[in-house]
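File shown: entry_12.cif. Contents: mmCIF, C-alpha atoms and all ligand atoms.
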```cif
data_model
loop_
_atom_site.label_atom_id
_atom_site.label_comp_id
_atom_site.auth_asym_id
_atom_site.auth_seq_id
_atom_site.Cartn_x
_atom_site.Cartn_y
_atom_site.Cartn_z
CA MET A 1 -10.81 -24.85 -18.13
CA SER A 2 -7.18 -24.21 -19.00
CA VAL A 3 -5.24 -20.95 -18.91
CA SER A 4 -2.26 -20.84 -21.21
CA ARG A 5 0.82 -18.73 -20.57
CA ALA A 6 3.47 -17.91 -23.14
CA ARG A 7 6.39 -20.33 -22.81
CA ARG A 8 9.06 -18.14 -24.41
CA ILE A 9 9.36 -14.50 -23.40
CA GLU A 10 11.85 -11.74 -24.16
CA SER A 11 11.84 -9.98 -20.80
CA VAL A 12 10.95 -10.77 -17.21
CA LEU A 13 8.36 -7.99 -17.57
CA ASP A 14 6.43 -10.25 -19.95
CA ALA A 15 6.04 -12.80 -17.15
CA VAL A 16 3.72 -10.46 -15.23
CA GLY A 17 0.01 -11.29 -15.36
CA ASP A 18 -2.03 -14.07 -16.98
CA THR A 19 -1.71 -15.97 -13.71
CA PRO A 20 -3.38 -19.39 -13.41
CA LEU A 21 -6.75 -20.05 -11.81
CA LEU A 22 -6.80 -23.10 -9.56
CA ARG A 23 -10.06 -24.92 -8.75
CA LEU A 24 -10.14 -25.63 -5.00
CA HIS A 25 -11.56 -29.13 -4.74
CA ARG A 26 -10.79 -30.17 -1.20
CA VAL A 27 -11.30 -27.11 1.04
CA ALA A 28 -14.65 -26.48 -0.70
CA ARG A 29 -15.83 -30.08 -0.99
CA HIS A 30 -18.65 -29.45 1.53
CA VAL A 31 -20.22 -26.95 -0.91
CA PRO A 32 -20.55 -29.15 -4.01
CA ASP A 33 -22.90 -26.81 -5.88
CA VAL A 34 -20.52 -23.84 -5.71
CA GLU A 35 -17.22 -23.59 -7.60
CA ALA A 36 -14.32 -22.09 -5.63
CA TRP A 37 -11.30 -20.78 -7.52
CA ALA A 38 -7.99 -19.23 -6.48
CA LYS A 39 -6.19 -16.70 -8.71
CA LEU A 40 -2.53 -17.55 -8.17
CA GLU A 41 -0.75 -14.20 -8.07
CA PHE A 42 2.41 -15.78 -6.66
CA ALA A 43 3.02 -16.92 -10.24
CA ASN A 44 4.20 -13.39 -11.08
CA PRO A 45 8.01 -13.15 -11.37
CA GLY A 46 8.47 -11.24 -8.08
CA GLY A 47 6.24 -13.79 -6.37
CA SER A 48 3.27 -11.56 -5.54
CA VAL A 49 0.25 -9.60 -6.72
CA LYS A 50 2.28 -6.40 -6.22
CA ASP A 51 4.24 -7.02 -9.43
CA ARG A 52 1.25 -5.83 -11.41
CA ALA A 53 0.89 -2.50 -9.57
CA ALA A 54 4.65 -1.82 -9.38
CA LEU A 55 5.17 -2.49 -13.09
CA ARG A 56 2.21 -0.32 -14.10
CA MET A 57 3.32 2.56 -11.84
CA ILE A 58 6.81 2.42 -13.39
CA ARG A 59 5.56 2.10 -16.97
CA ASP A 60 3.06 4.98 -16.65
CA ALA A 61 5.73 7.19 -15.03
CA LEU A 62 8.26 6.37 -17.78
CA ALA A 63 5.62 7.13 -20.42
CA ASP A 64 4.76 10.61 -19.07
CA GLY A 65 8.26 11.59 -17.91
CA ARG A 66 7.78 11.43 -14.11
CA MET A 67 10.47 8.71 -14.16
CA THR A 68 13.61 8.94 -16.31
CA LYS A 69 16.91 7.03 -16.39
CA ASP A 70 18.51 9.92 -14.44
CA LYS A 71 16.06 9.70 -11.57
CA ILE A 72 15.93 7.32 -8.63
CA LEU A 73 12.73 5.45 -7.83
CA ILE A 74 12.30 5.83 -4.07
CA ASP A 75 9.73 4.26 -1.73
CA SER A 76 9.39 3.08 1.81
CA THR A 77 8.49 -0.58 1.49
CA SER A 78 10.39 -3.68 2.54
CA GLY A 79 7.60 -6.06 1.49
CA ASN A 80 6.24 -7.38 -1.80
CA THR A 81 6.16 -3.97 -3.50
CA GLY A 82 9.84 -3.48 -2.64
CA VAL A 83 10.72 -6.80 -4.27
CA ALA A 84 8.73 -5.80 -7.35
CA TYR A 85 10.36 -2.36 -7.67
CA SER A 86 13.80 -3.94 -7.25
CA LEU A 87 13.17 -6.61 -9.85
CA PHE A 88 11.79 -4.26 -12.51
CA GLY A 89 14.42 -1.63 -11.69
CA ALA A 90 17.11 -4.21 -12.46
CA ALA A 91 15.36 -5.40 -15.62
CA LEU A 92 14.84 -1.87 -16.94
CA GLY A 93 18.18 -0.41 -15.84
CA LEU A 94 16.58 2.01 -13.37
CA ARG A 95 17.96 3.01 -9.99
CA VAL A 96 15.86 2.01 -6.99
CA ARG A 97 16.25 3.20 -3.39
CA LEU A 98 14.13 1.70 -0.61
CA VAL A 99 13.76 3.23 2.83
CA MET A 100 13.19 0.64 5.56
CA PRO A 101 13.55 0.48 9.33
CA SER A 102 17.01 -0.93 10.16
CA ASN A 103 15.47 -3.83 12.08
CA VAL A 104 13.68 -5.47 9.10
CA SER A 105 14.81 -9.06 8.54
CA LYS A 106 18.12 -9.73 6.84
CA ALA A 107 16.28 -11.72 4.18
CA ARG A 108 14.27 -8.63 3.18
CA LYS A 109 17.44 -6.55 2.93
CA ASP A 110 19.25 -9.31 0.99
CA ILE A 111 16.48 -9.71 -1.57
CA ALA A 112 16.49 -5.99 -2.38
CA ARG A 113 20.30 -5.77 -2.42
CA ASN A 114 20.61 -8.76 -4.73
CA PHE A 115 18.72 -6.82 -7.41
CA GLY A 116 21.14 -3.90 -6.94
CA THR A 117 18.69 -1.80 -4.93
CA ASP A 118 20.16 0.73 -2.57
CA ILE A 119 18.77 0.76 0.98
CA VAL A 120 18.42 3.72 3.34
CA TYR A 121 17.75 2.82 6.96
CA SER A 122 15.27 4.65 9.15
CA ASP A 123 14.99 4.60 12.94
CA PRO A 124 13.76 1.13 14.02
CA MET A 125 11.86 2.75 16.91
CA GLU A 126 9.67 4.65 14.43
CA GLY A 127 8.58 1.56 12.47
CA SER A 128 7.12 1.78 8.97
CA ASP A 129 5.75 5.30 9.58
CA GLY A 130 9.33 6.44 10.24
CA ALA A 131 10.37 4.94 6.89
CA ILE A 132 7.54 6.78 5.11
CA LEU A 133 8.51 10.09 6.75
CA LEU A 134 12.19 9.66 5.88
CA ALA A 135 11.34 8.82 2.24
CA ARG A 136 9.19 11.97 2.06
CA GLN A 137 11.99 14.06 3.61
CA LEU A 138 14.53 12.76 1.08
CA VAL A 139 12.15 13.58 -1.80
CA ALA A 140 11.35 17.04 -0.38
CA LYS A 141 15.07 17.83 -0.08
CA ASP A 142 15.82 16.93 -3.70
CA PRO A 143 12.55 16.57 -5.65
CA ASP A 144 14.15 16.46 -9.11
CA ALA A 145 16.37 13.52 -8.19
CA TYR A 146 13.52 11.18 -7.37
CA PHE A 147 10.37 9.48 -8.64
CA TYR A 148 8.17 8.64 -5.63
CA PRO A 149 5.39 6.29 -6.85
CA ASP A 150 3.32 6.41 -3.60
CA GLN A 151 1.24 3.29 -4.24
CA TYR A 152 -1.48 4.40 -1.79
CA SER A 153 -2.48 7.37 -3.93
CA ASN A 154 -1.27 6.34 -7.39
CA PRO A 155 -4.14 5.48 -9.80
CA SER A 156 -1.76 3.30 -11.87
CA ASN A 157 -1.97 0.85 -8.95
CA TRP A 158 -5.67 0.05 -9.41
CA ARG A 159 -5.52 0.46 -13.19
CA ALA A 160 -3.09 -2.48 -13.32
CA HIS A 161 -5.88 -4.63 -11.90
CA TYR A 162 -8.59 -3.05 -14.07
CA ASP A 163 -6.67 -3.89 -17.25
CA GLY A 164 -5.08 -7.11 -15.94
CA THR A 165 -6.40 -9.15 -12.99
CA GLY A 166 -10.07 -8.12 -13.34
CA ARG A 167 -10.15 -8.59 -17.10
CA GLU A 168 -8.45 -12.00 -16.88
CA ILE A 169 -10.93 -13.23 -14.25
CA LEU A 170 -13.95 -12.10 -16.31
CA GLU A 171 -12.54 -13.77 -19.43
CA ASP A 172 -11.64 -17.03 -17.69
CA LEU A 173 -14.74 -17.41 -15.51
CA PRO A 174 -17.88 -16.51 -17.48
CA GLN A 175 -19.93 -18.17 -14.69
CA LEU A 176 -18.49 -15.90 -11.94
CA THR A 177 -20.91 -14.83 -9.16
CA HIS A 178 -18.57 -13.64 -6.35
CA PHE A 179 -15.16 -11.92 -6.29
CA VAL A 180 -13.07 -11.82 -3.08
CA ALA A 181 -9.91 -9.75 -2.40
CA GLY A 182 -8.24 -8.23 0.66
CA LEU A 183 -7.70 -4.51 1.29
CA GLY A 184 -4.11 -3.30 1.56
CA THR A 185 -3.41 -0.32 -0.65
CA THR A 186 -6.82 -1.43 -2.05
CA GLY A 187 -5.50 -1.43 -5.62
CA THR A 188 -6.54 -5.03 -6.27
CA MET A 189 -10.12 -4.51 -5.07
CA MET A 190 -10.58 -1.06 -6.68
CA GLY A 191 -9.31 -2.22 -10.08
CA CYS A 192 -10.95 -5.65 -10.24
CA ALA A 193 -14.31 -4.53 -8.82
CA ARG A 194 -14.50 -1.54 -11.18
CA ARG A 195 -13.76 -3.82 -14.15
CA ILE A 196 -16.39 -6.31 -12.97
CA LYS A 197 -19.02 -3.55 -12.51
CA ASP A 198 -18.20 -2.00 -15.90
CA SER A 199 -18.76 -5.41 -17.53
CA GLY A 200 -22.42 -5.23 -16.48
CA ARG A 201 -22.29 -8.76 -15.07
CA ARG A 202 -24.00 -9.51 -11.75
CA VAL A 203 -21.04 -10.37 -9.53
CA GLU A 204 -20.85 -9.51 -5.83
CA CYS A 205 -17.47 -7.99 -4.86
CA ILE A 206 -16.43 -8.84 -1.29
CA ALA A 207 -13.54 -7.03 0.42
CA VAL A 208 -11.63 -8.82 3.19
CA GLU A 209 -10.24 -6.88 6.12
CA PRO A 210 -8.64 -8.04 9.37
CA ALA A 211 -11.22 -8.43 12.15
CA GLU A 212 -8.80 -7.02 14.73
CA ALA A 213 -6.92 -3.71 14.76
CA LEU A 214 -3.76 -5.52 15.87
CA HIS A 215 -3.56 -8.42 13.46
CA GLY A 216 -1.17 -10.84 11.78
CA LEU A 217 -2.45 -10.67 8.20
CA GLU A 218 0.51 -8.96 6.55
CA GLY A 219 -0.46 -6.85 3.56
CA LEU A 220 -4.01 -6.14 4.80
CA LYS A 221 -5.31 -3.00 6.55
CA HIS A 222 -7.86 -2.63 9.33
CA MET A 223 -9.48 0.46 7.78
CA ALA A 224 -11.14 1.91 10.91
CA THR A 225 -7.79 2.25 12.68
CA SER A 226 -5.50 2.86 9.68
CA LEU A 227 -4.56 5.70 7.42
CA VAL A 228 -7.10 5.19 4.63
CA PRO A 229 -5.40 5.04 1.20
CA PRO A 230 -6.49 7.95 -1.04
CA ILE A 231 -7.23 5.47 -3.89
CA TYR A 232 -9.80 3.68 -1.70
CA ASP A 233 -13.47 4.33 -2.49
CA PRO A 234 -15.63 2.53 0.10
CA LYS A 235 -18.56 2.47 -2.36
CA VAL A 236 -16.75 0.12 -4.74
CA PRO A 237 -16.91 -3.19 -2.79
CA ASP A 238 -20.45 -4.50 -2.22
CA ARG A 239 -19.56 -5.88 1.20
CA ILE A 240 -16.72 -5.98 3.72
CA LEU A 241 -16.04 -9.31 5.42
CA PRO A 242 -13.87 -9.16 8.57
CA ILE A 243 -11.64 -12.23 8.99
CA ALA A 244 -9.83 -13.09 12.23
CA THR A 245 -6.06 -13.58 12.08
CA GLU A 246 -6.44 -17.08 13.52
CA LEU A 247 -8.83 -18.13 10.73
CA GLY A 248 -6.53 -16.67 8.06
CA TRP A 249 -3.54 -18.59 9.44
CA ASP A 250 -5.53 -21.83 9.88
CA THR A 251 -6.84 -21.59 6.32
CA ALA A 252 -3.30 -21.04 4.99
CA ASP A 253 -2.26 -24.24 6.81
CA ARG A 254 -5.25 -26.15 5.40
CA LEU A 255 -4.47 -24.97 1.87
CA ALA A 256 -0.94 -26.36 2.21
CA ARG A 257 -2.05 -29.72 3.54
CA GLU A 258 -5.21 -30.23 1.50
CA GLU A 259 -4.55 -28.47 -1.81
CA GLY A 260 -0.73 -28.42 -2.01
CA LEU A 261 -0.91 -24.62 -1.98
CA HIS A 262 1.55 -22.92 0.38
CA VAL A 263 0.39 -19.32 0.65
CA GLY A 264 0.83 -16.21 2.82
CA HIS A 265 -1.63 -15.23 5.52
CA SER A 266 -3.51 -12.54 3.60
CA SER A 267 -4.22 -15.25 1.01
CA GLY A 268 -5.37 -17.56 3.82
CA ALA A 269 -7.81 -14.82 4.89
CA ASN A 270 -9.06 -14.32 1.31
CA ILE A 271 -9.70 -18.04 0.84
CA ALA A 272 -11.37 -18.26 4.28
CA ALA A 273 -13.73 -15.49 3.14
CA ALA A 274 -14.32 -17.27 -0.18
CA ILE A 275 -15.30 -20.45 1.69
CA LEU A 276 -17.77 -18.49 3.88
CA VAL A 277 -19.27 -16.88 0.77
CA ALA A 278 -19.49 -20.29 -0.95
CA GLU A 279 -21.27 -21.72 2.12
CA GLU A 280 -23.84 -18.87 1.95
CA ALA A 281 -24.40 -19.56 -1.76
CA GLN A 282 -24.75 -23.30 -1.11
CA ARG A 283 -27.40 -22.61 1.58
CA ARG A 284 -29.33 -20.31 -0.77
CA GLY A 285 -29.28 -22.97 -3.51
CA GLY A 286 -28.83 -22.42 -7.23
CA GLY A 287 -25.04 -22.81 -7.29
CA GLY A 288 -22.40 -20.14 -7.75
CA CYS A 289 -18.78 -19.47 -8.64
CA VAL A 290 -16.40 -17.70 -6.24
CA VAL A 291 -12.87 -16.51 -7.02
CA ALA A 292 -10.38 -15.24 -4.43
CA ILE A 293 -6.96 -13.65 -4.86
CA VAL A 294 -3.91 -15.58 -3.62
CA CYS A 295 -1.47 -12.71 -3.03
CA ASP A 296 1.84 -14.47 -2.42
CA ARG A 297 3.53 -17.68 -1.26
CA GLY A 298 4.03 -18.79 2.32
CA ASP A 299 7.79 -19.13 2.11
CA ARG A 300 8.07 -15.34 2.00
CA TYR A 301 7.21 -15.45 5.71
CA PHE A 302 9.71 -18.10 6.76
CA ALA A 303 12.48 -17.12 9.16
CA PRO A 304 15.32 -15.75 7.04
CA MET A 305 17.64 -18.19 5.32
CA LYS A 306 21.23 -17.17 4.82
CA TRP A 307 22.12 -16.62 1.20
CA GLU A 308 25.36 -18.49 0.65
CA ARG A 309 27.39 -17.67 -2.42
CA ARG A 310 29.33 -20.91 -2.17
CA TYR A 311 27.70 -24.17 -1.32
CA VAL A 312 29.56 -26.96 0.45
CA TRP A 313 28.35 -30.38 -0.64
C1 LIG B 1 0.76 -10.11 1.01
C2 LIG B 1 -0.19 -9.07 0.54
N1 LIG B 1 -1.48 -9.31 0.61
C3 LIG B 1 -2.39 -8.39 0.23
C4 LIG B 1 -2.03 -7.16 -0.25
C5 LIG B 1 -3.10 -6.17 -0.60
O1 LIG B 1 -3.19 -5.84 -1.96
P1 LIG B 1 -3.57 -4.36 -2.38
O2 LIG B 1 -2.43 -3.48 -1.97
O3 LIG B 1 -3.77 -4.40 -3.85
O4 LIG B 1 -4.82 -3.98 -1.65
C6 LIG B 1 -0.67 -6.88 -0.35
C7 LIG B 1 -0.20 -5.60 -0.83
O5 LIG B 1 -0.18 -4.58 -0.24
C8 LIG B 1 0.28 -7.85 0.06
O6 LIG B 1 1.62 -7.61 0.01
#
```
Translate this file's structure into structure tokens.
Ligand SMILES: Cc1ncc(COP(=O)(O)O)c(C=O)c1O
Amino acid sequence: MSVSRARRIESVLDAVGDTPLLRLHRVARHVPDVEAWAKLEFANPGGSVKDRAALRMIRDALADGRMTKDKILIDSTSGNTGVAYSLFGAALGLRVRLVMPSNVSKARKDIARNFGTDIVYSDPMEGSDGAILLARQLVAKDPDAYFYPDQYSNPSNWRAHYDGTGREILEDLPQLTHFVAGLGTTGTMMGCARRIKDSGRRVECIAVEPAEALHGLEGLKHMATSLVPPIYDPKVPDRILPIATELGWDTADRLAREEGLHVGHSSGANIAAAILVAEEAQRRGGGGCVVAIVCDRGDRYFAPMKWERRYVW
């Protein structure tokens, strides 16, 4: 099966979506009757699945007037969503302000700044909650100056996956039996699973969450001990599969060595879950087809590199 992407585009916005599906041959070779596929969301221009949600939140807000050229898009993320806001802000000529604790890595600050994003620092002792509170305070002080997308409660987040990711997977894999995605804001799972259910096809939707409250699977939430995102409906996934940090990291390492796929740890956890699901299907007999979301690339988690304007050869 081949997935074709447009080769010539007019805007970086047109590079979002239609990501490739990669058949995992090696890590799933012990389950020969079940197909395992990875949806490569790092192929989006900002390098992660969050491009889809960020772009949709911006587009919907521009369409209904919540965002205008005079306003500043503000949010409290230093991760993949921050990269996506910064990238689309630059491409669309919109001002972006990110609130982050002053101790986030220099690389994270540099990426945002390179797109022209303005950074406000919050108290490092208060962590990401401190950044959220400061962003809310800034908005409360001057509500007309800002557009605050709030990805945790913004329906445009999951709609991006309903109209994009979920639709693409259904079109590209008519034989699909199992869908696997992690829970962060839950936009990916809510949108894809709703699209899959609305299609009427019999596909089990499996949500991945960290097995431990204190975990190292960046981007994923341990729901029982976290603030539950308002867009999350626990009835949407058919099953929750807890994955240990260690297994997520080990699977990310295996994917690099065995498939040539260098991915982040939430993606390692998603593929680990997909392999477990494929093993169950293999034991039951009758075959199957599992797809899991690969959220971003592993190099996003490397120790920061210094961005040098002049190279010395
Ligand atoms: C690396 C990574 N993995 C997984 C997720 C989870 O995706 P979602 O927010 O759609 O649940 C995110 C986003 O928050 C992420 O940045």
Give me, as a ChimeraX atom specification, the set of residues whose atoms come within 8 Å of any atom of ligand LIG 1 (chain B), counting all atoms listed in the file. /A:48-50,53,79-81,152,157-158,181-189,217-220,264-267,294-296
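Once Lys71 of chain A and its same-chain neighbours fewer than 2 positions away are set aside, Arg66, Met67, Thr68, Lys69, Leu73, Ile74, Leu94, Arg95, Val96, Pro143, Asp144, Ala145, Tyr146, Phe147 and Tyr148 of chain A remain within 10 Å of it when counting only C-alpha atoms.
Here the question is which of A:Leu98, A:Leu24, A:Ala63, A:Ile111 gets nearest to Arg136 of chain A using all atoms listed in the file, and that residue is A:Leu98.
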With distances taken over only C-alpha atoms, which of A:Pro32, A:Gly191, A:Pro101, A:Gly46 is nearest to Arg159 of chain A? A:Gly191
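Nearest-residue note for Gly130 of chain A: choosing from A:Arg167, A:His178, A:Val99, A:Ile271, the minimum distance belongs to A:Val99, counting all atoms listed in the file.
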What is the atom CA of Leu22 of chain A to atom CA of Lys221 of chain A distance in Å? 25.8 Å
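Counting all atoms listed in the file and comparing A:Asn270, A:Phe179, A:Ser76, A:Leu173, the residue that lies closest to Ser128 of chain A is A:Ser76.
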